[in-house]
file model-v1.cif (mmCIF, C-alpha atoms)
data_upload
loop_
_atom_site.label_atom_id
_atom_site.label_comp_id
_atom_site.auth_asym_id
_atom_site.auth_seq_id
_atom_site.Cartn_x
_atom_site.Cartn_y
_atom_site.Cartn_z
CA MET A 1 0.00 0.00 0.00
CA SER A 2 1.29 3.41 -0.94
CA GLY A 3 -0.20 5.35 1.98
CA ALA A 4 -1.81 7.89 -0.34
CA GLY A 5 -4.55 9.88 1.35
CA VAL A 6 -8.09 10.65 0.31
CA GLY A 7 -7.12 14.20 -0.59
CA PRO A 8 -4.81 17.09 0.29
CA GLY A 9 -4.96 17.81 4.00
CA VAL A 10 -7.57 15.11 4.70
CA GLY A 11 -5.54 12.66 6.79
CA PRO A 12 -3.79 9.44 5.87
CA GLY A 13 -6.69 7.90 3.97
CA VAL A 14 -7.67 4.25 4.02
CA ALA A 15 -4.39 2.95 2.62
CA GLY A 16 -2.38 4.95 5.14
CA LEU A 17 -4.48 3.71 8.04
CA LEU A 18 -4.20 0.07 6.96
CA ALA A 19 -0.45 0.49 6.49
CA GLU A 20 -0.19 1.30 10.20
CA VAL A 21 -1.45 -2.18 11.12
CA ALA A 22 0.03 -4.12 8.22
CA ASP A 23 2.38 -6.07 10.50
CA VAL A 24 -0.16 -6.87 13.22
CA GLY A 25 -1.15 -10.53 13.34
CA ARG A 26 0.83 -11.79 10.36
CA ASP A 27 0.70 -15.58 10.22
CA ALA A 28 4.05 -17.03 9.21
CA THR A 29 2.61 -20.54 8.89
CA ARG A 30 -0.66 -19.97 7.01
CA GLY A 31 0.25 -16.72 5.29
CA GLY A 32 -1.97 -13.67 5.58
CA TYR A 33 -3.30 -12.71 8.99
CA SER A 34 -4.64 -14.54 12.03
CA ARG A 35 -6.32 -12.05 14.33
CA PHE A 36 -8.64 -13.77 16.79
CA VAL A 37 -10.84 -11.97 19.30
CA TYR A 38 -8.91 -11.00 22.46
CA ASP A 39 -5.61 -12.46 21.26
CA ASP A 40 -2.53 -10.23 21.18
CA ALA A 41 -3.08 -9.14 17.56
CA GLU A 42 -6.74 -8.24 18.02
CA LEU A 43 -6.03 -6.41 21.28
CA THR A 44 -3.36 -4.41 19.46
CA LEU A 45 -5.88 -3.51 16.78
CA ARG A 46 -8.36 -2.42 19.45
CA GLU A 47 -5.69 -0.13 20.91
CA TRP A 48 -5.00 1.24 17.42
CA PHE A 49 -8.71 1.89 16.88
CA THR A 50 -8.99 3.74 20.19
CA GLU A 51 -5.93 5.86 19.42
CA GLN A 52 -7.22 6.74 15.94
CA ALA A 53 -10.63 7.71 17.29
CA GLU A 54 -9.15 9.89 20.00
CA ARG A 55 -6.98 11.64 17.41
CA ARG A 56 -10.26 12.65 15.80
CA SER A 57 -11.65 13.91 19.13
CA MET A 58 -14.09 11.01 19.26
CA GLU A 59 -15.16 9.54 22.58
CA VAL A 60 -14.49 5.79 22.80
CA GLU A 61 -16.45 3.33 24.92
CA THR A 62 -16.69 -0.45 25.15
CA ASP A 63 -20.25 -1.75 25.28
CA ARG A 64 -21.43 -4.61 27.47
CA ASN A 65 -20.59 -7.14 24.71
CA GLY A 66 -17.07 -5.97 23.93
CA ALA A 67 -17.78 -3.82 20.86
CA LEU A 68 -15.83 -0.57 20.59
CA TRP A 69 -17.86 2.58 19.85
CA ALA A 70 -16.20 5.86 18.86
CA TRP A 71 -18.63 8.80 19.10
CA ARG A 72 -18.57 12.05 17.14
CA HIS A 73 -21.22 13.93 19.03
CA GLY A 74 -23.80 16.08 17.32
CA GLY A 75 -25.66 18.98 18.81
CA GLY A 76 -28.35 16.74 20.32
CA PRO A 77 -28.61 15.44 23.88
CA GLY A 78 -26.25 12.53 24.39
CA ARG A 79 -25.63 9.28 22.54
CA PRO A 80 -27.21 5.83 22.47
CA GLY A 81 -26.36 4.06 25.72
CA SER A 82 -25.75 7.27 27.66
CA PRO A 83 -28.13 8.81 30.20
CA GLY A 84 -31.01 10.62 28.62
CA SER A 85 -30.39 9.77 24.98
CA PRO A 86 -32.15 6.79 23.39
CA GLY A 87 -35.82 6.84 24.05
CA SER A 88 -35.67 10.40 25.40
CA PRO A 89 -38.15 12.84 23.82
CA GLY A 90 -36.49 14.75 21.01
CA ALA A 91 -33.18 12.91 21.19
CA PRO A 92 -31.74 12.48 17.66
CA SER A 93 -30.94 8.95 16.56
CA ALA A 94 -27.36 8.11 15.66
CA VAL A 95 -25.85 7.23 12.32
CA VAL A 96 -23.46 4.30 12.81
CA THR A 97 -20.83 2.80 10.55
CA GLY A 98 -17.92 0.38 11.02
CA SER A 99 -17.13 -3.32 10.78
CA HIS A 100 -14.78 -5.71 12.65
CA LEU A 101 -11.07 -6.21 13.36
CA ASP A 102 -10.77 -10.01 13.74
CA SER A 103 -9.99 -12.43 10.91
CA VAL A 104 -10.30 -16.03 9.84
CA PRO A 105 -7.13 -18.15 10.20
CA GLY A 106 -4.72 -16.96 7.52
CA GLY A 107 -7.14 -14.34 6.23
CA GLY A 108 -6.60 -11.28 4.09
CA ALA A 109 -5.74 -7.74 5.14
CA TYR A 110 -9.09 -6.18 4.20
CA ASP A 111 -11.92 -8.37 5.51
CA GLY A 112 -13.10 -6.26 8.45
CA PRO A 113 -10.31 -3.69 8.89
CA LEU A 114 -11.14 -2.11 5.51
CA GLY A 115 -14.57 -1.13 6.86
CA VAL A 116 -13.11 0.31 10.05
CA ALA A 117 -10.36 2.24 8.26
CA SER A 118 -12.85 3.49 5.65
CA ALA A 119 -15.12 4.72 8.44
CA LEU A 120 -12.28 6.64 10.07
CA ALA A 121 -11.27 8.11 6.70
CA ALA A 122 -14.91 9.08 6.10
CA VAL A 123 -14.89 10.98 9.43
CA ASP A 124 -11.82 12.87 8.18
CA LEU A 125 -13.67 13.75 5.00
CA LEU A 126 -16.74 14.94 6.89
CA ASP A 127 -14.53 17.13 9.08
CA ALA A 128 -12.75 18.53 6.03
CA ARG A 129 -16.12 19.36 4.45
CA GLY A 130 -17.35 20.98 7.64
CA VAL A 131 -20.26 18.54 7.95
CA ARG A 132 -21.83 18.80 11.40
CA SER A 133 -25.22 17.64 12.53
CA GLU A 134 -27.63 17.38 15.41
CA ARG A 135 -27.35 13.63 14.91
CA PRO A 136 -24.40 11.85 16.53
CA LEU A 137 -22.14 9.67 14.40
CA ALA A 138 -20.45 6.51 15.68
CA VAL A 139 -17.79 4.20 14.29
CA VAL A 140 -18.11 0.70 15.74
CA ALA A 141 -15.75 -2.30 15.75
CA PHE A 142 -17.66 -5.50 16.57
CA PRO A 143 -15.82 -8.46 18.18
CA GLU A 144 -15.66 -12.07 16.95
CA GLU A 145 -17.37 -11.40 13.61
CA GLU A 146 -15.64 -14.34 11.97
CA GLY A 147 -16.26 -16.75 14.84
CA ALA A 148 -12.75 -18.09 14.35
CA ARG A 149 -11.99 -18.40 18.06
CA PHE A 150 -15.31 -19.34 19.69
CA GLY A 151 -17.24 -20.81 16.77
CA VAL A 152 -20.19 -18.38 16.57
CA ALA A 153 -19.94 -15.82 13.80
CA CYS A 154 -20.98 -12.21 14.56
CA LEU A 155 -20.97 -12.99 18.27
CA GLY A 156 -20.81 -9.34 19.34
CA SER A 157 -23.74 -8.22 17.20
CA ARG A 158 -25.71 -11.37 18.03
CA LEU A 159 -25.32 -10.61 21.73
CA LEU A 160 -26.30 -6.98 21.16
CA THR A 161 -29.53 -7.95 19.40
CA GLY A 162 -30.37 -10.88 21.68
CA ALA A 163 -29.83 -13.44 18.92
CA VAL A 164 -27.61 -15.60 21.14
CA ASP A 165 -28.19 -16.54 24.77
CA PRO A 166 -25.63 -14.93 27.13
CA ASP A 167 -25.17 -18.15 29.11
CA ARG A 168 -24.39 -20.02 25.92
CA ALA A 169 -21.92 -17.30 24.89
CA ARG A 170 -20.17 -17.40 28.27
CA GLY A 171 -19.71 -21.16 27.91
CA LEU A 172 -18.29 -21.17 24.37
CA ARG A 173 -14.78 -22.64 24.26
CA ASP A 174 -11.79 -21.96 22.05
CA ALA A 175 -9.36 -24.57 20.72
CA ASP A 176 -7.41 -24.46 24.00
CA GLY A 177 -10.53 -25.17 26.05
CA ARG A 178 -10.79 -21.65 27.48
CA THR A 179 -14.30 -20.26 27.74
CA PHE A 180 -15.44 -16.96 26.33
CA ALA A 181 -16.15 -15.88 29.89
CA GLU A 182 -12.55 -16.58 30.90
CA VAL A 183 -10.96 -14.92 27.88
CA ALA A 184 -13.22 -11.86 27.72
CA GLY A 185 -13.06 -11.43 31.47
CA ALA A 186 -9.26 -11.47 31.39
CA ALA A 187 -9.44 -8.73 28.75
CA GLY A 188 -11.49 -6.57 31.09
CA LEU A 189 -15.07 -7.29 29.98
CA ASP A 190 -17.67 -7.75 32.72
CA VAL A 191 -19.14 -10.95 31.31
CA ALA A 192 -21.92 -11.02 33.89
CA HIS A 193 -23.64 -8.27 31.90
CA ILE A 194 -23.27 -9.44 28.31
CA GLY A 195 -26.48 -9.75 26.33
CA ALA A 196 -29.21 -7.83 24.54
CA ASP A 197 -28.99 -4.05 24.70
CA PRO A 198 -32.34 -2.70 23.47
CA ARG A 199 -31.61 0.82 24.69
CA ARG A 200 -28.51 1.09 22.52
CA LEU A 201 -30.35 -0.32 19.53
CA ALA A 202 -33.22 2.12 20.05
CA GLY A 203 -30.82 5.03 19.61
CA ILE A 204 -29.50 3.89 16.22
CA GLY A 205 -31.24 5.49 13.25
CA ALA A 206 -29.16 3.74 10.58
CA PHE A 207 -26.19 1.39 10.36
CA VAL A 208 -24.08 1.34 7.19
CA GLU A 209 -21.26 -1.21 6.96
CA LEU A 210 -18.59 -0.96 4.28
CA HIS A 211 -16.82 -4.22 3.44
CA VAL A 212 -14.45 -5.59 0.86
CA GLU A 213 -16.46 -7.47 -1.75
CA GLN A 214 -15.96 -11.19 -1.32
CA GLY A 215 -16.50 -12.12 -4.95
CA ARG A 216 -16.14 -10.80 -8.50
CA GLY A 217 -19.34 -8.79 -8.91
CA LEU A 218 -17.62 -5.40 -9.06
CA VAL A 219 -14.76 -6.75 -11.17
CA ASP A 220 -17.19 -7.99 -13.79
CA LEU A 221 -19.17 -4.73 -13.68
CA ASP A 222 -16.01 -2.57 -13.69
CA ARG A 223 -17.21 -0.45 -10.75
CA PRO A 224 -15.31 0.47 -7.56
CA VAL A 225 -18.25 0.51 -5.13
CA ALA A 226 -21.60 -1.30 -4.84
CA VAL A 227 -24.66 -1.08 -2.61
CA GLY A 228 -25.67 -4.29 -0.82
CA SER A 229 -29.11 -5.80 -1.29
CA SER A 230 -29.12 -8.99 0.79
CA VAL A 231 -27.10 -11.57 2.73
CA LEU A 232 -27.44 -15.24 1.91
CA GLY A 233 -28.91 -17.44 4.64
CA HIS A 234 -26.16 -19.49 6.22
CA GLY A 235 -25.17 -21.46 9.28
CA ARG A 236 -22.54 -23.61 10.92
CA TRP A 237 -23.00 -27.14 12.20
CA ARG A 238 -20.60 -29.49 13.98
CA LEU A 239 -20.66 -33.17 13.09
CA VAL A 240 -19.15 -35.39 15.78
CA VAL A 241 -18.07 -38.81 14.48
CA GLU A 242 -17.18 -41.30 17.23
CA GLY A 243 -15.41 -44.63 16.84
CA GLU A 244 -12.75 -46.53 18.76
CA GLY A 245 -9.31 -45.13 19.46
CA ASN A 246 -6.54 -47.69 19.09
CA HIS A 247 -2.93 -48.38 18.15
CA ALA A 248 -2.03 -47.77 14.50
CA GLY A 249 0.47 -50.63 14.45
CA THR A 250 -1.33 -53.40 16.29
CA THR A 251 -4.91 -53.00 15.08
CA LEU A 252 -5.72 -54.95 11.91
CA MET A 253 -7.60 -53.05 9.21
CA ALA A 254 -10.61 -55.35 9.55
CA ASP A 255 -10.80 -54.68 13.29
CA ARG A 256 -10.94 -50.90 13.10
CA ARG A 257 -13.77 -48.47 13.88
CA ASP A 258 -11.98 -45.45 12.48
CA PRO A 259 -13.97 -42.20 12.69
CA LEU A 260 -11.50 -40.40 10.44
CA VAL A 261 -12.29 -42.78 7.58
CA ALA A 262 -15.99 -42.10 8.14
CA ALA A 263 -15.34 -38.35 8.36
CA ALA A 264 -13.47 -38.42 5.04
CA ALA A 265 -16.49 -40.03 3.41
CA VAL A 266 -18.75 -37.41 4.99
CA VAL A 267 -16.68 -34.58 3.47
CA LEU A 268 -17.22 -36.07 0.02
CA ALA A 269 -20.92 -36.54 0.76
CA VAL A 270 -21.28 -32.85 1.63
CA ARG A 271 -20.13 -31.93 -1.84
CA GLU A 272 -22.40 -34.56 -3.39
CA VAL A 273 -25.49 -33.33 -1.51
CA ALA A 274 -24.83 -29.64 -2.17
CA THR A 275 -24.57 -30.13 -5.93
CA ARG A 276 -28.19 -31.35 -5.95
CA TYR A 277 -29.38 -27.80 -5.27
CA ASP A 278 -28.88 -24.83 -7.56
CA ASP A 279 -27.06 -21.95 -5.84
CA ALA A 280 -26.26 -23.98 -2.71
CA ARG A 281 -22.85 -23.76 -1.06
CA ALA A 282 -21.61 -26.28 1.49
CA THR A 283 -18.10 -26.53 2.88
CA VAL A 284 -16.12 -28.51 5.42
CA GLY A 285 -13.22 -26.19 6.17
CA ARG A 286 -12.16 -27.56 9.51
CA LEU A 287 -11.66 -31.13 10.71
CA GLN A 288 -10.18 -32.11 14.08
CA PRO A 289 -9.27 -35.72 15.00
CA VAL A 290 -8.95 -36.62 18.68
CA PRO A 291 -6.36 -37.24 20.04
CA GLY A 292 -4.56 -36.34 16.79
CA GLY A 293 -1.44 -38.52 16.95
CA THR A 294 0.31 -39.77 13.82
CA ASN A 295 0.42 -43.37 15.07
CA VAL A 296 -3.02 -43.29 16.72
CA ILE A 297 -6.39 -44.33 15.33
CA ALA A 298 -8.65 -41.47 16.36
CA SER A 299 -11.44 -42.04 18.85
CA ARG A 300 -13.44 -39.03 17.65
CA VAL A 301 -13.43 -36.57 14.79
CA ASP A 302 -15.14 -33.20 14.84
CA LEU A 303 -15.85 -31.57 11.50
CA TRP A 304 -17.58 -28.28 10.86
CA LEU A 305 -20.10 -27.74 8.08
CA ASP A 306 -20.86 -24.34 6.57
CA ALA A 307 -24.04 -24.39 4.47
CA ARG A 308 -25.73 -21.54 2.55
CA HIS A 309 -28.66 -20.99 0.18
CA PRO A 310 -31.02 -18.07 -0.59
CA ASP A 311 -33.99 -20.23 0.45
CA ASP A 312 -33.84 -21.12 4.15
CA ALA A 313 -35.95 -24.23 3.56
CA VAL A 314 -33.37 -25.50 1.08
CA THR A 315 -30.56 -24.91 3.57
CA ALA A 316 -32.48 -26.94 6.17
CA ALA A 317 -33.13 -29.76 3.69
CA LEU A 318 -29.49 -29.81 2.62
CA VAL A 319 -28.25 -30.10 6.22
CA GLU A 320 -30.82 -32.79 6.99
CA GLN A 321 -29.66 -34.83 3.99
CA VAL A 322 -26.01 -34.39 4.97
CA HIS A 323 -26.83 -35.66 8.46
CA ALA A 324 -28.73 -38.69 7.13
CA ARG A 325 -25.94 -39.57 4.71
CA ALA A 326 -23.33 -39.07 7.44
CA GLN A 327 -25.19 -41.52 9.70
CA GLU A 328 -25.12 -44.15 6.94
CA LEU A 329 -21.43 -43.63 6.25
CA ALA A 330 -20.50 -43.67 9.94
CA ALA A 331 -22.47 -46.89 10.54
CA ALA A 332 -20.63 -48.55 7.66
CA GLU A 333 -17.39 -47.96 9.58
CA GLY A 334 -18.83 -49.07 12.92
CA CYS A 335 -19.06 -45.47 14.11
CA THR A 336 -21.78 -43.04 15.17
CA VAL A 337 -22.38 -39.40 14.27
CA THR A 338 -24.26 -36.55 15.90
CA LEU A 339 -25.10 -33.12 14.51
CA VAL A 340 -25.01 -29.90 16.55
CA GLU A 341 -26.12 -26.52 15.21
CA GLU A 342 -23.67 -23.81 16.29
CA SER A 343 -25.19 -20.80 14.55
CA TYR A 344 -27.73 -19.95 11.88
CA GLY A 345 -29.02 -16.82 10.22
CA GLY A 346 -31.71 -16.77 7.56
CA THR A 347 -31.50 -14.81 4.32
CA VAL A 348 -31.56 -11.08 5.09
CA HIS A 349 -32.78 -8.29 2.82
CA PHE A 350 -31.49 -4.88 3.80
CA ASP A 351 -33.85 -1.99 4.50
CA GLY A 352 -35.39 -1.05 1.14
CA ALA A 353 -35.92 2.64 1.89
CA LEU A 354 -32.36 3.06 3.16
CA ARG A 355 -30.95 1.13 0.20
CA ASP A 356 -32.87 3.32 -2.27
CA ARG A 357 -31.76 6.47 -0.48
CA ILE A 358 -28.14 5.38 -0.74
CA ARG A 359 -28.60 4.60 -4.42
CA GLY A 360 -29.76 8.19 -4.84
CA VAL A 361 -26.55 9.40 -3.20
CA LEU A 362 -24.43 6.97 -5.29
CA PRO A 363 -26.31 6.79 -8.61
CA GLY A 364 -23.53 4.94 -10.43
CA ALA A 365 -23.20 2.17 -7.85
CA PRO A 366 -24.67 -1.23 -8.78
CA VAL A 367 -26.70 -3.26 -6.29
CA LEU A 368 -25.23 -6.64 -5.30
CA ALA A 369 -26.22 -9.50 -3.03
CA THR A 370 -23.56 -11.27 -0.97
CA GLY A 371 -23.03 -14.85 0.07
CA ALA A 372 -20.94 -13.78 3.06
CA GLY A 373 -22.27 -13.12 6.55
CA HIS A 374 -21.82 -9.73 8.21
CA ASP A 375 -22.72 -7.89 11.40
CA ALA A 376 -24.99 -5.76 9.21
CA GLY A 377 -27.02 -8.86 8.45
CA VAL A 378 -27.53 -9.50 12.18
CA LEU A 379 -28.44 -5.88 12.93
CA ALA A 380 -30.88 -5.74 10.01
CA GLY A 381 -33.63 -7.26 12.13
CA ALA A 382 -33.32 -4.51 14.73
CA VAL A 383 -32.34 -1.26 12.98
CA PRO A 384 -32.38 0.13 9.40
CA THR A 385 -29.24 -1.35 7.90
CA ALA A 386 -27.31 -1.10 4.63
CA MET A 387 -23.98 -2.18 3.16
CA LEU A 388 -21.42 -0.86 0.72
CA PHE A 389 -18.89 -3.09 -1.01
CA THR A 390 -15.46 -2.06 -2.30
CA ARG A 391 -13.98 -3.81 -5.34
CA ASN A 392 -11.66 -6.76 -4.82
CA PRO A 393 -9.73 -7.31 -8.07
CA SER A 394 -8.74 -10.85 -7.12
CA GLY A 395 -12.31 -11.86 -6.31
CA VAL A 396 -10.74 -13.94 -3.50
CA SER A 397 -11.45 -13.51 0.20
CA HIS A 398 -10.71 -15.36 3.45
CA SER A 399 -7.26 -15.78 1.91
CA PRO A 400 -3.94 -13.91 1.73
CA HIS A 401 -4.82 -13.22 -1.94
CA GLU A 402 -7.67 -10.90 -0.97
CA HIS A 403 -6.88 -7.42 -2.28
CA VAL A 404 -8.10 -3.85 -2.73
CA GLU A 405 -6.36 -1.26 -4.87
CA ASP A 406 -5.58 2.00 -3.05
CA VAL A 407 -7.65 4.04 -5.49
CA ASP A 408 -10.69 1.83 -4.88
CA ALA A 409 -10.20 1.96 -1.11
CA GLU A 410 -10.24 5.75 -1.22
CA ALA A 411 -13.26 5.71 -3.55
CA GLY A 412 -15.06 3.57 -1.00
CA ALA A 413 -14.27 6.04 1.79
CA VAL A 414 -15.55 8.93 -0.32
CA ALA A 415 -18.75 7.02 -1.10
CA LEU A 416 -19.21 6.22 2.59
CA ALA A 417 -18.64 9.85 3.54
CA ASP A 418 -21.23 10.94 0.97
CA VAL A 419 -23.76 8.50 2.40
CA LEU A 420 -23.04 9.51 6.01
CA ALA A 421 -23.32 13.21 5.15
CA ASP A 422 -26.71 12.59 3.59
CA LEU A 423 -27.97 10.60 6.58
CA LEU A 424 -26.60 13.13 9.07
CA GLY A 425 -28.52 15.83 7.22
CA ASP A 426 -31.88 14.62 8.54
#

call {"tool": "encode", "arguments": {"input": "model-v1.cif", "output": "structure tokens"}}
result
Amino acid sequence: MSGAGVGPGVGPGVAGLLAEVADVGRDATRGGYSRFVYDDAELTLREWFTEQAERRSMEVETDRNGALWAWRHGGGPGRPGSPGSPGSPGAPSAVVTGSHLDSVPGGGAYDGPLGVASALAAVDLLDARGVRSERPLAVVAFPEEEGARFGVACLGSRLLTGAVDPDRARGLRDADGRTFAEVAGAAGLDVAHIGADPRRLAGIGAFVELHVEQGRGLVDLDRPVAVGSSVLGHGRWRLVVEGEGNHAGTTLMADRRDPLVAAAAVVLAVREVATRYDDARATVGRLQPVPGGTNVIASRVDLWLDARHPDDAVTAALVEQVHARAQELAAAEGCTVTLVEESYGGTVHFDGALRDRIRGVLPGAPVLATGAGHDAGVLAGAVPTAMLFTRNPSGVSHSPHEHVEDVDAEAGAVALADVLADLLGD
């Protein structure tokens, strides 16, 4: 990244902001970045976010679920979550933008941080234009959007909206067996009070999330920025295949009940089942044998299924068929299998009035659906929500090959600033 700004005297721009964190969380083994909620890399990014917000004279707070909120106060009384603001007569609702700072294992540099950096750059542009408003503006960084550490995607926004039970969230465990309550508590979060925050939601008039496009829609249309229309319904399930652990050298092939053999067949079956449905996507991206020794026949294998389709009924049917086929394949190896749903979100269509208003502000921007999940998709059921996408010339995401050209990153920040200025003008 060159570090070029969005314009003379307007701050470092998106590329300059991302350059400041380009070495945080690099993964020497996988390539790309591994930034998991409350690990050293993500905590460093949270410190960076706080510092950047304070440079812009924004007030930073951490909400009850660990999300960071940076407030640019308007002329109205207070902010959502503060005394006397949401629900108070005459209090203006806030315009909120932002994204997340965590990543998948070995992810790209833009998935999440691009939206946060673009939001900060948009604040610089609004300041340079002299845009002030009675309405407060907030930049938010949600935690555990990817679900890479505790298994539930968009955990912060799900807690905020009440879409996940706080007791369940406190009991979620990472790969080292540490609970979310332990990890978040050690990072300073009062986990006794996590959960739905209707007062904060009531004070949000609109949420607009900018994100790198995770596909080739903008490449094929030769446009730098798009407006989001919908998020594909998707979920995560864990299949637990159990057999008999034993010695790799002393156990004859005919005497084995090997759950890893059954799990391998299940992975192939997932692909077979998914291809029966047009526009379905199903993936096993993680598989964990227990105990995991080279010379040990596993006793159990956990594998995680990601399934998506625009029709929620099709997604349910696909998962049901995968489970039935997995039971057959496991039985053939003398094993058993159980299915556990870890998270699910149905297909989401963003607020039509807000989408059309943004299209009026950005008349040249196409409208695109996305197959990727986002915090915006979770918030859509509670507040008017919209998304912007910035072009990814590789079309690749959740990979070190994910990319955004500097000129497109700055175009995205300008588009976001235009949208925010329009919304703040109410």

call {"tool": "resolve_selection", "arguments": {"input": "model-v1.cif", "expression": "the PyMOL selection byres ((chain A and resi 160) around 8)", "output": "list in words"}}
result
Asn65, Gly156, Ser157, Arg158, Leu159, Thr161, Gly162, Ala163, Gly195, Ala196, Asp197, Pro198 and Leu201 of chain A

call {"tool": "residues_around", "arguments": {"input": "model-v1.cif", "residues": "region 368-381 of chain A", "least_positions_apart": "4", "cutoff": "6 Å", "atoms": "all atoms listed in the file", "output": "PyMOL selection string"}}
result
chain A and resi 154+157+228-232+385

call {"tool": "resolve_selection", "arguments": {"input": "model-v1.cif", "expression": "the PyMOL selection byres ((chain A and resi 424) around 10)", "output": "list of chain:residue names"}}
result
A:Gly74, A:Ser93, A:Ala94, A:Val95, A:Val131, A:Arg132, A:Ser133, A:Glu134, A:Arg135, A:Pro136, A:Leu137, A:Gly205, A:Ala206, A:Asp418, A:Val419, A:Leu420, A:Ala421, A:Asp422, A:Leu423, A:Gly425, A:Asp426

call {"tool": "atom_distance", "arguments": {"input": "model-v1.cif", "atom1": "CA of Pro400 (chain A)", "atom2": "CA of Ala15 (chain A)"}}
result
16.9 Å

call {"tool": "closest_residue", "arguments": {"input": "model-v1.cif", "among": "A:Val383, A:Leu43, A:Ala128, A:Ala313", "to": "Gly188 (chain A)", "atoms": "only C-alpha atoms"}}
result
A:Leu43

call {"tool": "atom_distance", "arguments": {"input": "model-v1.cif", "atom1": "CA of Met387 (chain A)", "atom2": "CA of Ala226 (chain A)"}}
result
8.4 Å

call {"tool": "residues_around", "arguments": {"input": "model-v1.cif", "residues": "region 269-282 of chain A", "least_positions_apart": "3", "cutoff": "8 Å", "atoms": "only C-alpha atoms", "output": "VMD selection string"}}
result
chain A and resid 265 to 266 305 to 310 314 to 315 318 321 to 322 325 to 326

call {"tool": "write_last_selection", "arguments": {"input": "model-v1.cif", "atoms": "C-alpha atoms", "output": "tab-separated table (two decimals), in the frame of the given file"}}
result
chain	number	residue	atom	x	y	z
A	265	ALA	CA	-16.49	-40.03	3.41
A	266	VAL	CA	-18.75	-37.41	4.99
A	305	LEU	CA	-20.10	-27.74	8.08
A	306	ASP	CA	-20.86	-24.34	6.57
A	307	ALA	CA	-24.04	-24.39	4.47
A	308	ARG	CA	-25.73	-21.54	2.55
A	309	HIS	CA	-28.66	-20.99	0.18
A	310	PRO	CA	-31.02	-18.07	-0.59
A	314	VAL	CA	-33.37	-25.50	1.08
A	315	THR	CA	-30.56	-24.91	3.57
A	318	LEU	CA	-29.49	-29.81	2.62
A	321	GLN	CA	-29.66	-34.83	3.99
A	322	VAL	CA	-26.01	-34.39	4.97
A	325	ARG	CA	-25.94	-39.57	4.71
A	326	ALA	CA	-23.33	-39.07	7.44

call {"tool": "resolve_selection", "arguments": {"input": "model-v1.cif", "expression": "the PyMOL selection byres ((chain A and resi 340-356) around 6)", "output": "mmCIF file with C-alpha atoms, keeping the file's coordinate frame"}}
result
data_model
loop_
_atom_site.group_PDB
_atom_site.id
_atom_site.type_symbol
_atom_site.label_atom_id
_atom_site.label_comp_id
_atom_site.auth_asym_id
_atom_site.auth_seq_id
_atom_site.Cartn_x
_atom_site.Cartn_y
_atom_site.Cartn_z
ATOM 1 C CA VAL A 152 -20.190 -18.380 16.570
ATOM 2 C CA SER A 229 -29.110 -5.800 -1.290
ATOM 3 C CA SER A 230 -29.120 -8.990 0.790
ATOM 4 C CA VAL A 231 -27.100 -11.570 2.730
ATOM 5 C CA LEU A 232 -27.440 -15.240 1.910
ATOM 6 C CA GLY A 233 -28.910 -17.440 4.640
ATOM 7 C CA HIS A 234 -26.160 -19.490 6.220
ATOM 8 C CA GLY A 235 -25.170 -21.460 9.280
ATOM 9 C CA ARG A 236 -22.540 -23.610 10.920
ATOM 10 C CA TRP A 237 -23.000 -27.140 12.200
ATOM 11 C CA ARG A 238 -20.600 -29.490 13.980
ATOM 12 C CA PRO A 310 -31.020 -18.070 -0.590
ATOM 13 C CA ASP A 312 -33.840 -21.120 4.150
ATOM 14 C CA LEU A 339 -25.100 -33.120 14.510
ATOM 15 C CA ARG A 357 -31.760 6.470 -0.480
ATOM 16 C CA ILE A 358 -28.140 5.380 -0.740
ATOM 17 C CA ARG A 359 -28.600 4.600 -4.420
ATOM 18 C CA PRO A 384 -32.380 0.130 9.400
ATOM 19 C CA THR A 385 -29.240 -1.350 7.900
ATOM 20 C CA ALA A 386 -27.310 -1.100 4.630
#

call {"tool": "atom_distance", "arguments": {"input": "model-v1.cif", "atom1": "CA of Thr50 (chain A)", "atom2": "CA of Arg200 (chain A)"}}
result
19.8 Å

call {"tool": "residues_around", "arguments": {"input": "model-v1.cif", "residues": "Ala119 (chain A)", "least_positions_apart": "4", "cutoff": "8 Å", "atoms": "only C-alpha atoms", "output": "list in words"}}
result
Thr97, Gly98, Gly115, Val123, Val139, Leu210, Ala413, Leu416 and Ala417 of chain A

call {"tool": "closest_residue", "arguments": {"input": "model-v1.cif", "among": "A:Pro143, A:Pro105, A:Pro363, A:Pro166", "to": "Ala181 (chain A)", "atoms": "all atoms listed in the file"}}
result
A:Pro166

call {"tool": "closest_residue", "arguments": {"input": "model-v1.cif", "among": "A:Trp71, A:Tyr38, A:Tyr110, A:Phe207", "to": "Ala22 (chain A)", "atoms": "all atoms listed in the file"}}
result
A:Tyr110

call {"tool": "residues_around", "arguments": {"input": "model-v1.cif", "residues": "Asp111 (chain A)", "least_positions_apart": "5", "cutoff": "8 Å", "atoms": "all atoms listed in the file", "output": "list in words"}}
result
Ser103, His211, Val212, Ser397 and His398 of chain A

call {"tool": "closest_residue", "arguments": {"input": "model-v1.cif", "among": "A:Ala148, A:Ile204, A:Ile297, A:Leu221", "to": "Thr250 (chain A)", "atoms": "all atoms listed in the file"}}
result
A:Ile297

call {"tool": "residues_around", "arguments": {"input": "model-v1.cif", "residues": "Arg35 (chain A)", "least_positions_apart": "4", "cutoff": "10 Å", "atoms": "all atoms listed in the file", "output": "ChimeraX atom specification"}}
result
/A:24-27,39-45,101-107,144,146,148-149
